[in-house]
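Okay, my_file32.cif is below, mmCIF, C-alpha atoms and all ligand atoms:
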```cif
data_data
loop_
_atom_site.group_PDB
_atom_site.id
_atom_site.type_symbol
_atom_site.label_atom_id
_atom_site.label_comp_id
_atom_site.auth_asym_id
_atom_site.auth_seq_id
_atom_site.Cartn_x
_atom_site.Cartn_y
_atom_site.Cartn_z
ATOM 1 C CA MET A 136 142.597 -3.950 137.825
ATOM 2 C CA LYS A 137 144.157 -2.844 141.135
ATOM 3 C CA GLU A 138 142.446 -0.798 143.840
ATOM 4 C CA THR A 139 144.180 2.312 145.174
ATOM 5 C CA GLN A 140 142.635 4.361 148.024
ATOM 6 C CA GLN A 141 139.213 3.895 149.631
ATOM 7 C CA MET A 142 136.827 6.570 148.358
ATOM 8 C CA TYR A 143 133.716 5.867 150.366
ATOM 9 C CA GLU A 144 132.186 3.460 152.866
ATOM 10 C CA GLY A 145 128.441 2.984 152.713
ATOM 11 C CA LYS A 146 126.081 0.840 154.773
ATOM 12 C CA ALA A 147 126.610 -2.324 152.708
ATOM 13 C CA LYS A 148 129.633 -1.621 150.492
ATOM 14 C CA LYS A 149 133.033 0.018 150.372
ATOM 15 C CA VAL A 150 134.148 1.728 147.174
ATOM 16 C CA PHE A 151 137.795 1.981 146.113
ATOM 17 C CA ALA A 152 139.434 4.061 143.395
ATOM 18 C CA THR A 153 141.520 2.270 140.758
ATOM 19 C CA GLU A 154 144.438 3.317 138.566
ATOM 20 C CA ASP A 155 141.873 4.094 135.853
ATOM 21 C CA GLU A 156 139.620 7.032 136.737
ATOM 22 C CA LYS A 157 136.727 5.535 134.717
ATOM 23 C CA TYR A 158 136.417 2.527 137.041
ATOM 24 C CA VAL A 159 135.988 1.809 140.746
ATOM 25 C CA ILE A 160 135.971 -1.398 142.776
ATOM 26 C CA VAL A 161 133.055 -2.174 145.080
ATOM 27 C CA ASN A 162 133.596 -4.464 148.059
ATOM 28 C CA TYR A 163 130.418 -5.961 149.528
ATOM 29 C CA LYS A 164 130.231 -6.173 153.341
ATOM 30 C CA ASP A 165 128.181 -8.459 155.604
ATOM 31 C CA ASP A 166 126.859 -5.452 157.550
ATOM 32 C CA ALA A 167 123.096 -5.134 157.464
ATOM 33 C CA THR A 168 121.021 -2.071 158.304
ATOM 34 C CA ALA A 169 117.313 -1.344 158.150
ATOM 35 C CA PHE A 170 114.984 1.572 158.823
ATOM 36 C CA ASN A 171 117.609 4.045 157.577
ATOM 37 C CA GLY A 172 120.360 2.683 159.821
ATOM 38 C CA LYS A 173 118.268 2.525 163.027
ATOM 39 C CA LYS A 174 118.553 -1.291 163.086
ATOM 40 C CA LYS A 175 122.033 -2.749 162.657
ATOM 41 C CA GLY A 176 123.456 -6.262 162.418
ATOM 42 C CA THR A 177 125.437 -8.638 160.268
ATOM 43 C CA ILE A 178 124.278 -11.372 157.946
ATOM 44 C CA ALA A 179 127.029 -13.976 157.472
ATOM 45 C CA SER A 180 128.191 -14.233 153.834
ATOM 46 C CA LYS A 181 125.652 -11.619 152.683
ATOM 47 C CA GLY A 182 128.403 -9.688 150.902
ATOM 48 C CA VAL A 183 129.431 -12.754 148.930
ATOM 49 C CA ILE A 184 125.865 -13.551 147.872
ATOM 50 C CA ASN A 185 124.937 -9.963 146.994
ATOM 51 C CA ASN A 186 128.104 -9.544 144.924
ATOM 52 C CA ARG A 187 127.557 -12.776 142.992
ATOM 53 C CA MET A 188 123.806 -12.404 142.575
ATOM 54 C CA SER A 189 123.991 -8.803 141.480
ATOM 55 C CA ASN A 190 126.724 -9.580 138.946
ATOM 56 C CA TYR A 191 124.795 -12.575 137.644
ATOM 57 C CA LEU A 192 121.615 -10.526 137.141
ATOM 58 C CA PHE A 193 123.444 -7.514 135.698
ATOM 59 C CA GLN A 194 125.060 -9.798 133.092
ATOM 60 C CA MET A 195 121.640 -11.270 132.264
ATOM 61 C CA LEU A 196 120.286 -7.727 131.820
ATOM 62 C CA GLU A 197 123.271 -6.744 129.626
ATOM 63 C CA LYS A 198 122.586 -9.765 127.380
ATOM 64 C CA ASN A 199 119.067 -8.386 126.989
ATOM 65 C CA GLY A 200 120.174 -4.894 126.005
ATOM 66 C CA VAL A 201 120.166 -3.112 129.383
ATOM 67 C CA GLU A 202 123.372 -1.138 129.968
ATOM 68 C CA THR A 203 124.763 -1.549 133.496
ATOM 69 C CA HIS A 204 127.839 -0.493 135.443
ATOM 70 C CA PHE A 205 129.143 -4.088 135.642
ATOM 71 C CA VAL A 206 132.671 -4.639 134.296
ATOM 72 C CA GLU A 207 134.368 -7.608 135.953
ATOM 73 C CA GLU A 208 134.006 -9.754 139.085
ATOM 74 C CA LEU A 209 137.411 -9.847 140.820
ATOM 75 C CA ASP A 210 136.653 -12.277 143.626
ATOM 76 C CA GLU A 211 133.791 -13.338 145.875
ATOM 77 C CA ARG A 212 133.279 -9.866 147.375
ATOM 78 C CA ARG A 213 134.868 -7.455 144.901
ATOM 79 C CA THR A 214 133.723 -6.218 141.483
ATOM 80 C CA VAL A 215 135.037 -3.612 139.047
ATOM 81 C CA VAL A 216 132.262 -1.251 137.973
ATOM 82 C CA LYS A 217 132.070 1.874 135.842
ATOM 83 C CA LYS A 218 132.435 5.021 137.940
ATOM 84 C CA VAL A 219 129.086 6.720 137.511
ATOM 85 C CA GLU A 220 127.610 9.933 138.814
ATOM 86 C CA ILE A 221 124.668 8.547 140.769
ATOM 87 C CA VAL A 222 121.271 10.089 140.039
ATOM 88 C CA PRO A 223 120.011 10.843 143.584
ATOM 89 C CA VAL A 224 116.648 9.202 142.930
ATOM 90 C CA GLU A 225 115.835 5.703 144.206
ATOM 91 C CA VAL A 226 113.473 3.973 141.814
ATOM 92 C CA ILE A 227 111.085 1.483 143.417
ATOM 93 C CA VAL A 228 108.962 -0.938 141.406
ATOM 94 C CA ARG A 229 106.082 -2.856 142.949
ATOM 95 C CA ASN A 230 104.284 -5.855 141.460
ATOM 96 C CA ILE A 231 102.603 -6.987 144.687
ATOM 97 C CA ALA A 232 101.657 -4.826 147.672
ATOM 98 C CA ALA A 233 104.106 -5.035 150.593
ATOM 99 C CA GLY A 234 106.035 -2.742 152.929
ATOM 100 C CA GLY A 235 105.744 0.993 152.272
ATOM 101 C CA ILE A 236 102.722 0.916 149.964
ATOM 102 C CA CYS A 237 100.670 -1.050 152.527
ATOM 103 C CA LYS A 238 101.542 1.429 155.277
ATOM 104 C CA ARG A 239 100.823 4.471 153.109
ATOM 105 C CA LEU A 240 97.681 3.353 151.281
ATOM 106 C CA GLY A 241 96.252 0.682 153.587
ATOM 107 C CA LEU A 242 96.597 -2.086 150.998
ATOM 108 C CA THR A 243 96.731 -5.680 152.203
ATOM 109 C CA GLU A 244 100.148 -7.294 151.965
ATOM 110 C CA GLY A 245 100.156 -9.809 149.118
ATOM 111 C CA MET A 246 97.594 -8.010 146.942
ATOM 112 C CA LYS A 247 98.551 -8.345 143.285
ATOM 113 C CA LEU A 248 98.821 -4.945 141.589
ATOM 114 C CA CYS A 249 97.174 -4.958 138.141
ATOM 115 C CA ALA A 250 100.128 -2.997 136.679
ATOM 116 C CA PRO A 251 103.635 -2.282 137.992
ATOM 117 C CA VAL A 252 103.760 0.755 140.269
ATOM 118 C CA VAL A 253 106.911 2.886 139.877
ATOM 119 C CA GLU A 254 107.781 5.221 142.753
ATOM 120 C CA TYR A 255 110.648 7.679 143.167
ATOM 121 C CA CYS A 256 112.401 8.584 146.415
ATOM 122 C CA TYR A 257 114.949 11.330 147.005
ATOM 123 C CA LYS A 258 118.190 9.602 148.041
ATOM 124 C CA SER A 259 118.889 11.390 151.323
ATOM 125 C CA ASP A 260 119.719 9.699 154.648
ATOM 126 C CA GLU A 261 119.033 12.954 156.562
ATOM 127 C CA LEU A 262 115.508 13.171 155.133
ATOM 128 C CA ASP A 263 114.796 9.387 155.275
ATOM 129 C CA ASP A 264 114.516 8.996 151.466
ATOM 130 C CA PRO A 265 111.166 10.833 151.045
ATOM 131 C CA MET A 266 108.909 9.933 148.139
ATOM 132 C CA ILE A 267 108.985 12.488 145.319
ATOM 133 C CA ASN A 268 107.420 12.875 141.869
ATOM 134 C CA ASP A 269 108.575 14.060 138.443
ATOM 135 C CA ASP A 270 107.872 17.689 139.353
ATOM 136 C CA HIS A 271 110.085 17.527 142.466
ATOM 137 C CA ILE A 272 112.820 15.885 140.394
ATOM 138 C CA LYS A 273 112.555 18.701 137.863
ATOM 139 C CA VAL A 274 112.535 21.659 140.264
ATOM 140 C CA MET A 275 115.290 20.171 142.430
ATOM 141 C CA ASP A 276 117.303 19.493 139.269
ATOM 142 C CA LEU A 277 117.954 15.863 140.244
ATOM 143 C CA ALA A 278 117.637 14.635 136.646
ATOM 144 C CA THR A 279 116.404 15.981 133.316
ATOM 145 C CA GLU A 280 113.006 15.046 131.862
ATOM 146 C CA GLU A 281 114.812 13.121 129.142
ATOM 147 C CA GLU A 282 116.840 11.185 131.732
ATOM 148 C CA MET A 283 113.686 10.339 133.710
ATOM 149 C CA LYS A 284 112.003 9.102 130.531
ATOM 150 C CA THR A 285 114.979 6.777 129.928
ATOM 151 C CA ILE A 286 115.018 5.681 133.580
ATOM 152 C CA ARG A 287 111.310 4.798 133.537
ATOM 153 C CA GLU A 288 111.601 2.856 130.269
ATOM 154 C CA MET A 289 114.689 0.973 131.482
ATOM 155 C CA THR A 290 113.009 0.267 134.820
ATOM 156 C CA LEU A 291 109.928 -1.345 133.272
ATOM 157 C CA LYS A 292 112.088 -3.440 130.939
ATOM 158 C CA ILE A 293 114.275 -4.547 133.883
ATOM 159 C CA ASN A 294 111.133 -5.449 135.871
ATOM 160 C CA GLY A 295 109.921 -7.764 133.099
ATOM 161 C CA LEU A 296 113.305 -9.436 132.655
ATOM 162 C CA LEU A 297 113.855 -9.912 136.384
ATOM 163 C CA GLN A 298 110.338 -11.249 137.011
ATOM 164 C CA GLU A 299 110.784 -13.839 134.262
ATOM 165 C CA ARG A 300 114.259 -14.928 135.411
ATOM 166 C CA LEU A 301 113.361 -15.118 139.095
ATOM 167 C CA LEU A 302 110.198 -17.092 138.400
ATOM 168 C CA LYS A 303 112.414 -19.801 136.862
ATOM 169 C CA ALA A 304 113.946 -20.002 140.335
ATOM 170 C CA ASP A 305 110.460 -20.284 141.888
ATOM 171 C CA LEU A 306 110.724 -16.739 143.228
ATOM 172 C CA ILE A 307 108.114 -13.994 142.976
ATOM 173 C CA LEU A 308 109.567 -10.515 142.522
ATOM 174 C CA VAL A 309 107.286 -8.568 144.870
ATOM 175 C CA ASP A 310 109.143 -5.245 144.665
ATOM 176 C CA PHE A 311 112.662 -3.843 144.340
ATOM 177 C CA LYS A 312 114.772 -0.710 144.299
ATOM 178 C CA LEU A 313 117.076 0.450 141.508
ATOM 179 C CA GLU A 314 119.645 3.202 141.216
ATOM 180 C CA PHE A 315 120.900 4.705 137.982
ATOM 181 C CA GLY A 316 124.029 6.688 137.118
ATOM 182 C CA ARG A 317 125.499 8.827 134.363
ATOM 183 C CA PHE A 318 128.491 7.431 132.459
ATOM 184 C CA ASP A 319 129.882 8.920 129.241
ATOM 185 C CA GLY A 320 126.724 11.035 128.948
ATOM 186 C CA LYS A 321 124.421 8.005 129.180
ATOM 187 C CA ILE A 322 122.077 6.668 131.844
ATOM 188 C CA ILE A 323 123.098 3.162 132.980
ATOM 189 C CA LEU A 324 121.930 0.839 135.755
ATOM 190 C CA ALA A 325 124.136 1.053 138.882
ATOM 191 C CA ASP A 326 124.139 -0.149 142.523
ATOM 192 C CA GLU A 327 122.974 -3.747 143.090
ATOM 193 C CA ILE A 328 120.102 -6.209 142.715
ATOM 194 C CA SER A 329 120.061 -8.616 145.657
ATOM 195 C CA PRO A 330 117.873 -9.816 148.545
ATOM 196 C CA ASP A 331 118.871 -6.515 150.223
ATOM 197 C CA THR A 332 117.131 -4.500 147.524
ATOM 198 C CA CYS A 333 114.301 -6.838 146.445
ATOM 199 C CA ARG A 334 111.383 -8.542 148.141
ATOM 200 C CA LEU A 335 111.410 -12.164 146.968
ATOM 201 C CA TRP A 336 108.732 -14.673 147.963
ATOM 202 C CA ASP A 337 108.632 -18.412 147.380
ATOM 203 C CA VAL A 338 106.145 -19.041 144.565
ATOM 204 C CA HIS A 339 104.481 -21.969 146.382
ATOM 205 C CA THR A 340 104.499 -20.989 150.067
ATOM 206 C CA MET A 341 104.895 -17.165 149.783
ATOM 207 C CA ALA A 342 107.712 -17.480 152.360
ATOM 208 C CA LYS A 343 109.850 -14.357 152.499
ATOM 209 C CA LEU A 344 113.383 -14.944 151.185
ATOM 210 C CA ASP A 345 114.865 -11.460 151.502
ATOM 211 C CA LYS A 346 115.893 -8.694 153.878
ATOM 212 C CA ASP A 347 112.416 -8.573 155.445
ATOM 213 C CA ARG A 348 113.593 -11.607 157.482
ATOM 214 C CA PHE A 349 116.180 -9.271 159.067
ATOM 215 C CA ARG A 350 113.909 -6.193 159.223
ATOM 216 C CA ARG A 351 111.074 -8.120 160.925
ATOM 217 C CA ASP A 352 113.210 -10.554 163.013
ATOM 218 C CA LEU A 353 111.794 -13.594 161.229
ATOM 219 C CA GLY A 354 114.948 -15.735 161.707
ATOM 220 C CA ASP A 355 116.840 -17.853 159.154
ATOM 221 C CA VAL A 356 118.170 -14.727 157.451
ATOM 222 C CA GLU A 357 121.447 -16.263 156.180
ATOM 223 C CA GLU A 358 119.568 -19.350 155.023
ATOM 224 C CA ALA A 359 117.141 -17.240 152.966
ATOM 225 C CA TYR A 360 119.967 -15.403 151.149
ATOM 226 C CA GLN A 361 121.730 -18.742 150.475
ATOM 227 C CA GLU A 362 118.484 -20.287 149.242
ATOM 228 C CA VAL A 363 117.890 -17.498 146.721
ATOM 229 C CA MET A 364 121.407 -17.883 145.311
ATOM 230 C CA ARG A 365 121.155 -21.688 145.205
ATOM 231 C CA ARG A 366 117.852 -21.522 143.294
ATOM 232 C CA LEU A 367 119.249 -18.989 140.829
ATOM 233 C CA MET A 368 122.254 -21.182 140.072
ATOM 234 C CA GLU A 369 120.181 -24.366 139.811
ATOM 235 C CA SER A 370 117.777 -22.728 137.356
ATOM 236 C CA ASP A 371 120.576 -21.277 135.222
ATOM 237 C CA ASN A 372 119.788 -23.376 132.139
ATOM 238 C CA LYS A 373 116.042 -23.789 132.690
HETATM 239 P P1 LIG B 1 109.472 -0.152 150.827
HETATM 240 O O1 LIG B 1 109.213 1.206 150.256
HETATM 241 O O2 LIG B 1 108.274 -1.034 150.785
HETATM 242 O O3 LIG B 1 110.136 -0.103 152.181
HETATM 243 O O4 LIG B 1 110.568 -0.828 149.853
HETATM 244 C C1 LIG B 1 110.244 -1.261 148.563
HETATM 245 C C2 LIG B 1 111.377 -2.091 147.981
HETATM 246 O O5 LIG B 1 112.515 -1.263 147.727
HETATM 247 C C3 LIG B 1 111.877 -3.202 148.908
HETATM 248 O O6 LIG B 1 112.222 -4.327 148.098
HETATM 249 C C4 LIG B 1 113.116 -2.626 149.564
HETATM 250 O O7 LIG B 1 114.056 -3.647 149.833
HETATM 251 C C5 LIG B 1 113.634 -1.676 148.493
HETATM 252 N N1 LIG B 1 114.195 -0.457 149.086
HETATM 253 C C6 LIG B 1 113.595 0.730 149.265
HETATM 254 N N2 LIG B 1 114.425 1.629 149.827
HETATM 255 C C7 LIG B 1 115.580 0.990 150.010
HETATM 256 C C8 LIG B 1 116.847 1.389 150.572
HETATM 257 O O8 LIG B 1 117.075 2.529 150.978
HETATM 258 N N3 LIG B 1 117.804 0.413 150.603
HETATM 259 C C9 LIG B 1 117.603 -0.858 150.139
HETATM 260 N N4 LIG B 1 118.586 -1.764 150.233
HETATM 261 N N5 LIG B 1 116.425 -1.249 149.600
HETATM 262 C C10 LIG B 1 115.439 -0.339 149.545
#
```
Have the structure of the file written as structure tokens, please.
Ligand code: 5GP
Amino acid sequence: MKETQQMYEGKAKKVFATEDEKYVIVNYKDDATAFNGKKKGTIASKGVINNRMSNYLFQMLEKNGVETHFVEELDERRTVVKKVEIVPVEVIVRNIAAGGICKRLGLTEGMKLCAPVVEYCYKSDELDDPMINDDHIKVMDLATEEEMKTIREMTLKINGLLQERLLKADLILVDFKLEFGRFDGKIILADEISPDTCRLWDVHTMAKLDKDRFRRDLGDVEEAYQEVMRRLMESDNK
């Protein structure tokens, strides 16, 4: 499939139209931002890793009955995906306390949560993605109750599948963010699953192998992204 004009440039990806209005091509960049764009930088080869890792995990999810926007990987940075109408709700799942939940509730980083915690944020750069609940989603007409029921069910299923797969790569899925879209009247998984959108800790040392290395200036950022991808590939048939 051939790309035509650029439709949109986001913080980590560019999106191009194609000759078929049902599909778009995403092109992953090496640009990195944090704290809603206040911190900027680049992470060498990040785009290549995020493209490959996201496609790999989306295909694993598809095999397990989760519908996603993935269509075809074109090359190391570019993928054809279904053109969805994004639901403007970021869905965050937490298995272990870190980041936002520690700040908000005073929990100690690393505390195991006895059940997954699902949070919703309104996708808005101007407002800094504020946390919202089902009532806000309803009155702001961001999604129907039926859609949110589907999103929550899909999210919990995805959490289980990802935790299991990542553990085979000696990685703990601490938390992550998902985005969903509407396609042909259905809710499907969109956006990406990568070290940009997940917190991933080494199962033995608890070392951080994700974007927190960039956010918190921990060093070895590129190496962490490479390490995650290497472990995923090496554990492919485990
Ligand atoms: P927190 O709320 O603790 O900052 O983030 C929780 C999880 O969701 C982390 O894995 C983080 O990477 C992901 N996350 C939350 N908001 C965003 C966002 O706007 N962009 C990206 N890439 N990830 C996010």
Could you check the closest approach to A:Gly234 for each of A:Tyr163, A:Tyr143, A:Tyr360, A:Phe170 and tell me which residue wins, using only C-alpha atoms?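 Of all the options, A:Phe170 lies closest to A:Gly234.
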Excluding stretch 184-190 of chain A and any residue of its chain fewer than 2 positions from it, enumerate the residues within 10 Å of it, using all atoms listed in the file, and give them as number ranges by chain. A: 147-148, 161-165, 179-182, 192-196, 203-208, 210-214, 326-332, 357, 360-361, 363-365, 367-368
To box ligand LIG 1 (chain B), take all atoms listed in the file, fit an axis-aligned box, add 3 Å on each side, and give centre and edge lengths in Å to one decimal, as lines of an AutoDock Vina configuration file.
```
center_x = 113.4
center_y = -0.9
center_z = 150.0
size_x = 16.3
size_y = 12.9
size_z = 10.5
```
Write out as a ChimeraX atom specification each polymer residue (protein, DNA or RNA) that has an atom no more than 6 Å from ligand LIG 1 (chain B), with all atoms listed in the file counted. /A:227,233-236,310-312,331-334
Among listed residues A:Val356, A:Ile322, A:Leu209, A:Ile267, nearest A:Gly176 (using all atoms listed in the file):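 Smallest distance to A:Gly176 is found for A:Val356.
Reported to one decimal place, the separation of atom CA of A:Leu308 from atom CA of A:Val222 is 23.8 Å.
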Evaluated on this file, the PyMOL selection byres (((chain A and resi 228) around 12) and not hetatm) picks out some residues - which ones are they, written as an MDAnalysis selection string? chainID A and resid 225:227 229:233 235:236 248 250:256 286:287 289:295 297:298 308:314 332:334
Nearest residue to A:Glu358 out of A:Met283, A:Met246, A:Ile178, A:Ala304, using only C-alpha atoms? A:Ile178
Residue nearest A:Leu324 among A:Glu288, A:Glu244, A:Glu362, A:Glu280 (counting only C-alpha atoms):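 Among the listed residues, the smallest separation from A:Leu324 belongs to A:Glu288.
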I'd like the neighbourhood of A:Thr285 as a list in words, where a residue qualifies if any of its atoms comes within 10 Å (using all atoms listed in the file), though same-chain residues fewer than 6 positions away should be ignored. Thr279, Lys321, Ile322 and Ile323 of chain A
Would you put the residues from that selection into a file with C-alpha atoms, as a PDB file, in the frame of the given file?
```pdb
ATOM      1  CA  THR A 279     116.404  15.981 133.316  1.00  0.00           C
ATOM      2  CA  LYS A 321     124.421   8.005 129.180  1.00  0.00           C
ATOM      3  CA  ILE A 322     122.077   6.668 131.844  1.00  0.00           C
ATOM      4  CA  ILE A 323     123.098   3.162 132.980  1.00  0.00           C
TER       5      ILE A 323
END
```
Nearest candidate to A:Arg366 (options A:Asp269, A:Glu154, A:Glu261, A:Asp305; using only C-alpha atoms): A:Asp305
The PyMOL selection byres (((chain A and resi 155) around 12) and not hetatm) - which residues does that actually catch in the file I just gave you? List them as a PyMOL selection string. chain A and resi 136-139+151-154+156-160+215-218
Computed gap from atom CA of A:Gly145 to atom CA of A:Phe349 is 18.5 Å
